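Listing of upload-v1.cif, mmCIF, C-alpha atoms
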data_run
loop_
_atom_site.label_atom_id
_atom_site.label_comp_id
_atom_site.auth_asym_id
_atom_site.auth_seq_id
_atom_site.Cartn_x
_atom_site.Cartn_y
_atom_site.Cartn_z
CA MET A 1 66.17 14.69 -4.08
CA MET A 2 62.50 14.50 -5.01
CA ALA A 3 60.27 17.56 -5.16
CA ALA A 4 56.82 18.50 -6.46
CA GLN A 5 57.18 21.32 -8.94
CA HIS A 6 55.32 23.60 -11.37
CA VAL A 7 57.38 24.15 -14.52
CA GLU A 8 54.88 26.71 -15.84
CA TRP A 9 52.22 28.73 -14.03
CA GLY A 10 49.04 26.70 -14.04
CA SER A 11 50.78 23.50 -15.08
CA PRO A 12 50.11 20.29 -13.12
CA LEU A 13 52.48 19.47 -10.29
CA GLN A 14 55.26 17.16 -11.45
CA ILE A 15 57.43 14.96 -9.28
CA VAL A 16 61.01 15.70 -10.32
CA GLN A 17 64.58 15.16 -9.20
CA VAL A 18 66.38 18.38 -8.27
CA ASP A 19 69.66 19.19 -6.58
CA ARG A 20 69.75 19.16 -2.81
CA PRO A 21 70.20 22.76 -1.59
CA GLU A 22 73.16 23.86 0.49
CA PRO A 23 72.61 26.15 3.51
CA MET A 24 74.11 29.62 3.26
CA ALA A 25 75.36 31.66 6.20
CA GLY A 26 72.61 31.94 8.82
CA GLU A 27 70.59 29.07 7.33
CA VAL A 28 69.87 25.46 8.21
CA ARG A 29 69.04 22.63 5.86
CA ILE A 30 66.06 20.56 6.92
CA ARG A 31 65.33 16.98 6.01
CA VAL A 32 61.62 17.52 5.54
CA ARG A 33 59.42 14.97 7.24
CA ALA A 34 56.09 16.74 6.73
CA THR A 35 54.52 19.85 5.27
CA SER A 36 50.92 20.87 4.70
CA VAL A 37 48.78 22.34 1.97
CA ASN A 38 47.54 25.91 2.33
CA PRO A 39 45.32 27.75 -0.18
CA ILE A 40 48.16 30.12 -1.06
CA ASP A 41 50.05 27.12 -2.47
CA MET A 42 47.44 26.69 -5.19
CA HIS A 43 46.96 30.43 -5.77
CA THR A 44 50.68 30.80 -6.41
CA GLY A 45 50.78 27.79 -8.69
CA ARG A 46 48.10 29.46 -10.82
CA ASN A 47 50.12 32.71 -11.07
CA ALA A 48 47.93 34.45 -8.50
CA GLY A 49 50.34 34.58 -5.56
CA TYR A 50 52.42 37.34 -4.02
CA GLU A 51 54.95 38.99 -6.30
CA GLN A 52 57.89 37.84 -4.19
CA SER A 53 56.99 34.20 -4.84
CA MET A 54 56.46 34.32 -8.58
CA ARG A 55 59.54 32.45 -9.77
CA LEU A 56 59.69 29.44 -12.08
CA PRO A 57 60.20 26.57 -11.67
CA PHE A 58 58.11 26.77 -8.49
CA ILE A 59 58.16 24.24 -5.65
CA PRO A 60 55.14 25.02 -3.42
CA GLY A 61 54.95 24.99 0.33
CA TRP A 62 55.85 27.11 3.37
CA ASP A 63 55.09 24.86 6.34
CA VAL A 64 57.89 22.57 7.43
CA ALA A 65 58.55 19.99 10.11
CA GLY A 66 61.67 17.89 10.02
CA VAL A 67 65.21 17.29 11.19
CA VAL A 68 68.13 19.70 10.83
CA ASP A 69 70.49 18.03 8.35
CA ALA A 70 73.19 20.72 7.97
CA VAL A 71 73.92 24.20 9.29
CA GLY A 72 75.40 27.21 7.53
CA TYR A 73 78.14 29.47 8.78
CA GLY A 74 77.38 31.25 12.05
CA VAL A 75 74.34 29.21 13.11
CA THR A 76 74.29 28.48 16.83
CA ARG A 77 70.61 28.15 17.74
CA HIS A 78 70.16 24.75 15.99
CA ALA A 79 72.36 21.70 15.55
CA VAL A 80 72.30 18.71 13.21
CA GLY A 81 69.69 16.26 14.47
CA ASP A 82 67.35 18.85 16.02
CA ARG A 83 63.64 18.31 15.35
CA VAL A 84 62.20 21.66 14.25
CA PHE A 85 59.13 23.22 12.67
CA GLY A 86 58.31 26.60 11.24
CA LEU A 87 56.90 28.93 8.62
CA ALA A 88 59.72 29.27 6.11
CA TRP A 89 60.51 32.41 4.11
CA PHE A 90 56.89 33.52 3.62
CA PRO A 91 55.90 35.28 1.35
CA TYR A 92 59.13 34.48 -0.51
CA PRO A 93 59.39 30.98 -2.03
CA ALA A 94 60.38 28.23 0.38
CA GLY A 95 59.78 24.97 -1.47
CA THR A 96 58.71 22.63 1.32
CA TYR A 97 57.10 20.13 -1.08
CA ALA A 98 60.54 18.52 -1.23
CA GLU A 99 62.73 16.11 0.67
CA TYR A 100 65.15 18.84 1.73
CA MET A 101 64.97 22.63 1.97
CA THR A 102 66.97 25.51 3.46
CA VAL A 103 65.62 28.25 5.69
CA PRO A 104 66.93 31.06 7.92
CA ALA A 105 67.71 29.49 11.28
CA HIS A 106 65.45 31.94 13.13
CA HIS A 107 62.38 30.88 11.09
CA VAL A 108 62.21 27.48 12.82
CA VAL A 109 61.98 26.45 16.47
CA ALA A 110 61.97 23.21 18.43
CA MET A 111 59.04 20.95 17.61
CA PRO A 112 56.45 20.28 20.29
CA ALA A 113 57.56 17.18 22.15
CA SER A 114 54.08 15.66 22.00
CA ALA A 115 53.45 16.25 18.29
CA SER A 116 54.06 13.98 15.32
CA PHE A 117 55.84 15.36 12.27
CA ALA A 118 52.49 15.48 10.44
CA GLU A 119 50.89 17.48 13.26
CA ALA A 120 53.82 19.87 13.53
CA GLY A 121 53.94 20.27 9.74
CA CYS A 122 50.30 21.32 9.68
CA MET A 123 50.63 23.99 12.35
CA PRO A 124 52.91 26.93 11.43
CA MET A 125 51.07 28.95 8.78
CA SER A 126 47.58 28.18 10.06
CA ALA A 127 48.28 28.68 13.77
CA LEU A 128 50.33 31.84 13.23
CA THR A 129 47.62 33.22 10.92
CA ALA A 130 44.97 32.50 13.53
CA GLY A 131 46.93 34.09 16.36
CA GLN A 132 47.96 37.16 14.38
CA MET A 133 44.37 37.72 13.22
CA LEU A 134 43.11 37.47 16.81
CA ASP A 135 45.71 40.08 17.79
CA ALA A 136 44.69 42.33 14.90
CA ALA A 137 41.03 42.06 15.94
CA HIS A 138 41.89 42.88 19.58
CA VAL A 139 40.27 39.70 20.90
CA GLU A 140 40.15 39.88 24.70
CA PRO A 141 38.73 37.85 27.58
CA GLY A 142 34.96 38.14 27.76
CA GLY A 143 34.57 39.41 24.20
CA ARG A 144 32.22 37.83 21.66
CA VAL A 145 34.05 36.52 18.60
CA LEU A 146 32.63 35.17 15.35
CA VAL A 147 34.89 32.88 13.28
CA SER A 148 33.89 32.27 9.66
CA GLY A 149 35.34 29.27 7.85
CA ALA A 150 35.67 27.71 11.28
CA SER A 151 36.13 24.14 10.07
CA GLY A 152 39.13 25.01 7.87
CA GLY A 153 42.82 24.83 8.64
CA VAL A 154 43.04 28.34 10.13
CA GLY A 155 39.48 28.47 11.42
CA HIS A 156 39.50 25.49 13.76
CA LEU A 157 42.73 26.76 15.32
CA ALA A 158 41.32 30.29 15.66
CA VAL A 159 38.35 28.83 17.55
CA GLN A 160 40.69 27.16 20.03
CA LEU A 161 43.02 30.13 20.45
CA ALA A 162 40.11 32.57 20.93
CA ALA A 163 38.51 30.29 23.52
CA ASP A 164 41.90 29.96 25.23
CA ARG A 165 41.93 33.77 25.55
CA GLY A 166 38.64 33.61 27.41
CA ALA A 167 36.45 34.84 24.56
CA GLU A 168 32.96 33.58 23.77
CA VAL A 169 33.36 31.97 20.35
CA VAL A 170 30.62 31.46 17.77
CA ALA A 171 31.71 29.29 14.84
CA LEU A 172 30.31 29.49 11.31
CA ALA A 173 30.44 26.09 9.62
CA ARG A 174 28.31 23.41 8.02
CA PRO A 175 26.15 21.49 10.54
CA SER A 176 28.12 18.26 10.14
CA HIS A 177 31.13 20.02 11.68
CA HIS A 178 29.35 21.63 14.64
CA ALA A 179 29.98 18.82 17.12
CA THR A 180 33.72 18.87 16.46
CA LEU A 181 33.89 22.65 16.83
CA LEU A 182 31.98 22.54 20.11
CA GLY A 183 34.51 19.97 21.30
CA LEU A 184 37.31 22.38 20.38
CA GLY A 185 35.91 25.17 22.52
CA ALA A 186 33.24 26.95 20.47
CA HIS A 187 30.42 28.28 22.65
CA SER A 188 27.91 27.79 19.83
CA CYS A 189 27.82 27.10 16.09
CA VAL A 190 25.80 28.53 13.21
CA ASP A 191 25.19 27.17 9.71
CA TYR A 192 26.93 29.56 7.33
CA ASN A 193 24.26 28.84 4.69
CA GLU A 194 21.50 30.32 6.89
CA PRO A 195 21.59 34.17 6.86
CA GLU A 196 18.74 34.38 9.38
CA GLN A 197 20.63 32.19 11.83
CA ILE A 198 23.73 34.34 11.42
CA ALA A 199 21.69 37.49 12.05
CA SER A 200 20.00 35.94 15.09
CA ALA A 201 23.43 35.29 16.63
CA GLY A 202 23.59 39.02 17.36
CA ARG A 203 26.58 41.31 17.19
CA PHE A 204 30.21 40.67 18.02
CA ASP A 205 33.16 42.55 19.40
CA ALA A 206 35.35 40.88 16.80
CA VAL A 207 35.00 38.86 13.61
CA ILE A 208 37.70 36.61 12.15
CA ASP A 209 36.79 36.28 8.47
CA LEU A 210 38.49 33.54 6.48
CA VAL A 211 36.06 33.48 3.56
CA GLY A 212 35.97 36.96 2.04
CA GLY A 213 33.96 38.10 -0.97
CA GLU A 214 30.35 39.13 -0.58
CA PHE A 215 29.90 36.72 2.30
CA GLY A 216 32.78 38.30 4.15
CA ARG A 217 31.46 41.79 3.45
CA SER A 218 28.08 40.79 4.90
CA LEU A 219 29.81 40.03 8.22
CA PHE A 220 30.72 43.71 8.64
CA ASP A 221 27.11 44.17 9.78
CA ARG A 222 27.66 41.68 12.59
CA VAL A 223 30.38 43.79 14.26
CA THR A 224 29.33 46.15 17.01
CA ARG A 225 30.32 49.78 16.55
CA GLY A 226 33.85 50.22 17.84
CA GLY A 227 34.61 46.56 17.26
CA SER A 228 36.99 44.93 14.81
CA ILE A 229 37.06 42.58 11.85
CA ALA A 230 40.23 40.84 10.70
CA LEU A 231 40.28 39.73 7.06
CA ALA A 232 42.43 36.98 5.58
CA THR A 233 41.37 37.84 2.02
CA ALA A 234 40.80 41.59 2.08
CA TRP A 235 41.71 41.71 -1.62
CA SER A 236 38.35 40.02 -2.34
CA ILE A 237 36.46 42.93 -0.73
CA PRO A 238 37.66 46.01 -2.68
CA THR A 239 35.64 48.43 -0.53
CA TYR A 240 36.66 47.00 2.85
CA THR A 241 38.25 50.22 4.13
CA ALA A 242 35.20 52.35 3.31
CA ASP A 243 32.80 49.65 4.54
CA GLY A 244 34.52 49.63 7.90
CA ALA A 245 34.58 53.41 8.18
CA ASP A 246 30.86 53.62 7.37
CA ARG A 247 30.08 51.28 10.26
CA GLY A 248 32.53 52.71 12.77
CA ILE A 249 34.55 49.51 13.03
CA ARG A 250 38.25 48.72 12.72
CA VAL A 251 39.24 46.62 9.72
CA ALA A 252 42.57 44.80 9.55
CA SER A 253 43.90 43.18 6.38
CA CYS A 254 46.14 40.35 7.63
CA LEU A 255 49.10 38.62 5.98
CA VAL A 256 50.84 36.05 8.14
CA GLU A 257 54.53 36.50 8.86
CA PRO A 258 57.16 34.18 10.36
CA ASP A 259 57.30 34.60 14.13
CA PRO A 260 59.59 32.26 16.09
CA GLN A 261 58.38 33.55 19.45
CA GLY A 262 54.79 32.95 18.38
CA LEU A 263 55.71 29.44 17.21
CA SER A 264 57.34 28.65 20.54
CA ARG A 265 54.14 29.72 22.32
CA ILE A 266 52.16 27.50 19.95
CA ALA A 267 54.46 24.57 20.77
CA SER A 268 53.93 25.18 24.49
CA ARG A 269 50.15 25.20 24.05
CA ILE A 270 50.30 21.94 22.10
CA ASP A 271 52.38 20.24 24.78
CA ALA A 272 50.03 21.58 27.47
CA GLY A 273 47.01 20.09 25.68
CA ARG A 274 45.54 23.51 24.95
CA LEU A 275 45.79 23.36 21.14
CA ARG A 276 45.53 20.56 18.64
CA VAL A 277 45.37 20.33 14.89
CA VAL A 278 42.79 18.14 13.22
CA ILE A 279 44.32 16.34 10.23
CA GLY A 280 41.69 15.29 7.71
CA GLY A 281 44.08 13.50 5.36
CA GLU A 282 47.70 12.48 4.86
CA TYR A 283 49.41 12.01 1.49
CA GLY A 284 52.89 11.12 0.34
CA LEU A 285 54.94 13.56 -1.71
CA THR A 286 54.12 11.74 -4.95
CA ARG A 287 50.43 12.47 -4.25
CA ALA A 288 50.91 16.18 -3.61
CA ALA A 289 48.48 17.12 -6.39
CA GLU A 290 45.81 14.96 -4.74
CA ALA A 291 46.52 16.62 -1.39
CA GLN A 292 45.95 20.02 -3.01
CA ARG A 293 42.63 18.84 -4.45
CA TRP A 294 41.57 17.83 -0.93
CA VAL A 295 41.94 21.45 0.12
CA SER A 296 40.49 22.98 -3.06
CA ASP A 297 37.44 20.70 -2.92
CA ARG A 298 36.98 21.28 0.84
CA ARG A 299 36.71 17.55 1.35
CA GLY A 300 36.86 17.51 5.12
CA PHE A 301 37.61 19.20 8.43
CA GLY A 302 40.93 20.79 9.36
CA LYS A 303 44.23 20.33 7.58
CA VAL A 304 45.84 17.95 5.10
CA ALA A 305 49.45 16.82 5.53
CA ILE A 306 52.07 15.82 3.00
CA VAL A 307 54.30 13.30 4.74
CA MET A 308 57.61 12.20 3.27
CA ASP A 309 58.16 8.50 2.66
CA THR A 310 60.87 7.40 5.09
CA GLU A 311 61.77 4.54 2.74
CA GLU A 312 62.70 7.15 0.13
CA PHE A 313 65.09 8.63 2.67
CA GLU A 314 66.55 5.19 3.32
CA ARG A 315 67.39 4.90 -0.39
CA ASP A 316 68.76 8.46 -0.67
#
Full structure transcribed into structure tokens:
Amino acid sequence: MMAAQHVEWGSPLQIVQVDRPEPMAGEVRIRVRATSVNPIDMHTGRNAGYEQSMRLPFIPGWDVAGVVDAVGYGVTRHAVGDRVFGLAWFPYPAGTYAEYMTVPAHHVVAMPASASFAEAGCMPMSALTAGQMLDAAHVEPGGRVLVSGASGGVGHLAVQLAADRGAEVVALARPSHHATLLGLGAHSCVDYNEPEQIASAGRFDAVIDLVGGEFGRSLFDRVTRGGSIALATAWSIPTYTADGADRGIRVASCLVEPDPQGLSRIASRIDAGRLRVVIGGEYGLTRAAEAQRWVSDRRGFGKVAIVMDTEEFERD
């Protein structure tokens, strides 16, 4: 089977032929139809990922949407031919930039009936991250929520999920993305390059920060005392615990985890028309490096999908 692989940390992705994996007890093998690029894919490829994932050779990717191709001993929740999607193994290596992969059966659930493989493949990590950060920030109906990085893969889903909870959502993004975010449920939008505009937006019960660094630390001042901020990159703000304590706010450092129940709720929202992923680009597996550059260069709005070439499957 074909896969995109790093043979050394920091080396360019190479398209290689590797053995098709066999499912162990409790696992299913998935014929991958789509995956997506997340920033952690590139961090890990540069030797800056989580310790559990640092194994060479490294096939990136944790999102998966595809068809169950084989089942291991004891698996009863899925059968060959089922269309499934999920967040596989994270933060351990999963290797979804490949034509086939294996995963614990409970990490994947039935795909939304209304979603394409590309849409389903772009959802798991980003949607679960968004939902788990909203939970960590105690986002409730009627609360004011600020989402930074709102036009990104996690951000535009966080806007929708927060609005679906009945929160008033203010989105931080470049002006060219404001109209799209308003259409996704944001109450208002602010240019993230304009500190005065951000300050004039007032204070918030919760902040979902997807940017980090000094910009993320500046958002601590936008949280009302007793409120919460959820950080996707707390490691980039070394003093985040003390900064939160000084301001009397709760600070949560968030790392997404597989959650089949959460994924099933996401699927239900998609089929009900209450959540949609915006795909800014689609690439074949042989163009995986280009797909990663799309994310690194912040070329557009939303997510980028890596979609397997069905003709390659026909020849397999």
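A straight line drawn from atom CA of A:Gly66 to atom CA of A:His106 is 14.9 Å long.
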Quick one: what's the axis-aligned box for stretch 65-78 of chain A, all listed atoms, 8 Å on every side, centre and edges in Å to one decimal, as lines of an AutoDock Vina configuration file?
center_x = 68.3
center_y = 24.3
center_z = 12.6
size_x = 35.6
size_y = 30.0
size_z = 26.2
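Residues selected in this file by the PyMOL selection byres ((chain A and resi 197-208) around 7) comprise A:Met133, A:Ala137, A:Val139, A:Gly143, A:Arg144, A:Val145, A:Leu146, A:Val147, A:Ser148, A:Val190, A:Glu194, A:Pro195, A:Glu196, A:Asp209, A:Leu210, A:Arg222, A:Val223, A:Thr224, A:Gly227, A:Ser228, A:Ile229, A:Ala230, A:Leu231.
The gap separating atom CA of A:Met42 from atom CA of A:Met101 is 19.4 Å, in Å to one decimal.
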Margin query: Can you tell me which residues surround A:Tyr92 at a distance of at most 10 Å, considering all atoms listed in the file, apart from same-chain residues fewer than 2 positions away, and format the answer as number ranges by chain?
Written below: A: 50-55, 62, 88-90, 94-95
Hits of the PyMOL selection byres ((chain A and resi 80) around 9) in this structure, as a compact mmCIF listing (two decimals) with C-alpha atoms, in the coordinates of the input:
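Saved result, selection04.txt, follows:
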# COMPACT_ATOMS: atom_id res chain seq x y z
CA VAL A 28 69.87 25.46 8.21
CA ARG A 29 69.04 22.63 5.86
CA VAL A 67 65.21 17.29 11.19
CA VAL A 68 68.13 19.70 10.83
CA ASP A 69 70.49 18.03 8.35
CA ALA A 70 73.19 20.72 7.97
CA VAL A 71 73.92 24.20 9.29
CA HIS A 78 70.16 24.75 15.99
CA ALA A 79 72.36 21.70 15.55
CA GLY A 81 69.69 16.26 14.47
CA ASP A 82 67.35 18.85 16.02
CA ARG A 83 63.64 18.31 15.35
Next item on the list: With a distance cut-off of 8 Å and all atoms listed in the file, select the neighbouring residues of A:Ser264, excluding the residue or stretch itself and same-chain residues fewer than 4 positions from it, and output the selection as a PyMOL selection string.
Entry: chain A and resi 109-110+260+268
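With the shown file loaded, the PyMOL selection byres ((chain A and resi 7-18) around 7) picks out Met1, Met2, Ala3, Ala4, Gln5, His6, Asp19, Arg20, Gly45, Arg46, Asn47, Leu56, Pro57, Phe58, Thr286 and Ala289 of chain A.
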Checklist line | Residues near A:Trp294, cut-off 12 Å, all atoms listed in the file, skip fewer than 5 positions along chain, as a PyMOL selection string | finding: chain A and resi 36-39+42+152-153+279-283+287-289+299-306
For the residues in that selection, give me C-alpha atoms as an mmCIF file, in the frame of the given file.
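See again-v3.cif below for the written result:
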data_model
loop_
_atom_site.group_PDB
_atom_site.id
_atom_site.type_symbol
_atom_site.label_atom_id
_atom_site.label_comp_id
_atom_site.auth_asym_id
_atom_site.auth_seq_id
_atom_site.Cartn_x
_atom_site.Cartn_y
_atom_site.Cartn_z
ATOM 1 C CA SER A 36 50.920 20.870 4.700
ATOM 2 C CA VAL A 37 48.780 22.340 1.970
ATOM 3 C CA ASN A 38 47.540 25.910 2.330
ATOM 4 C CA PRO A 39 45.320 27.750 -0.180
ATOM 5 C CA MET A 42 47.440 26.690 -5.190
ATOM 6 C CA GLY A 152 39.130 25.010 7.870
ATOM 7 C CA GLY A 153 42.820 24.830 8.640
ATOM 8 C CA ILE A 279 44.320 16.340 10.230
ATOM 9 C CA GLY A 280 41.690 15.290 7.710
ATOM 10 C CA GLY A 281 44.080 13.500 5.360
ATOM 11 C CA GLU A 282 47.700 12.480 4.860
ATOM 12 C CA TYR A 283 49.410 12.010 1.490
ATOM 13 C CA ARG A 287 50.430 12.470 -4.250
ATOM 14 C CA ALA A 288 50.910 16.180 -3.610
ATOM 15 C CA ALA A 289 48.480 17.120 -6.390
ATOM 16 C CA ARG A 299 36.710 17.550 1.350
ATOM 17 C CA GLY A 300 36.860 17.510 5.120
ATOM 18 C CA PHE A 301 37.610 19.200 8.430
ATOM 19 C CA GLY A 302 40.930 20.790 9.360
ATOM 20 C CA LYS A 303 44.230 20.330 7.580
ATOM 21 C CA VAL A 304 45.840 17.950 5.100
ATOM 22 C CA ALA A 305 49.450 16.820 5.530
ATOM 23 C CA ILE A 306 52.070 15.820 3.000
#
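If all atoms listed in the file are the atoms counted, then among A:Ser253, A:Gln132, A:Thr35, A:Thr180 the closest residue to A:Glu119 is A:Thr35.
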Next item on the list: Would you kindly return, as a PyMOL selection string, each protein, DNA or RNA residue with an atom no farther than 9 Å from any atom of A:Gly244, considering all atoms listed in the file and excluding same-chain residues fewer than 4 positions away?
Entry: chain A and resi 220+228-229+239-240+248-251
Next item on the list: Please indicate the distance in Å from atom CA of A:Thr233 to atom CA of A:Ala48, rounded to one decimal place.
Entry: 12.9 Å
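With all atoms listed in the file as the atoms that count, the residue of A:Gly131, A:Gly216, A:Gly166, A:Gly26 with the shortest distance to A:Pro104 is A:Gly26.
With all atoms listed in the file as the basis for measurement, A:Leu275 is the residue among A:Pro112, A:Leu275, A:His107, A:Thr96 that approaches A:Gly185 most closely.
Nearest to A:Gly72 of all the residues A:Ala267, A:Gly49, A:Ser116, A:Pro21 is A:Pro21, based on all atoms listed in the file.
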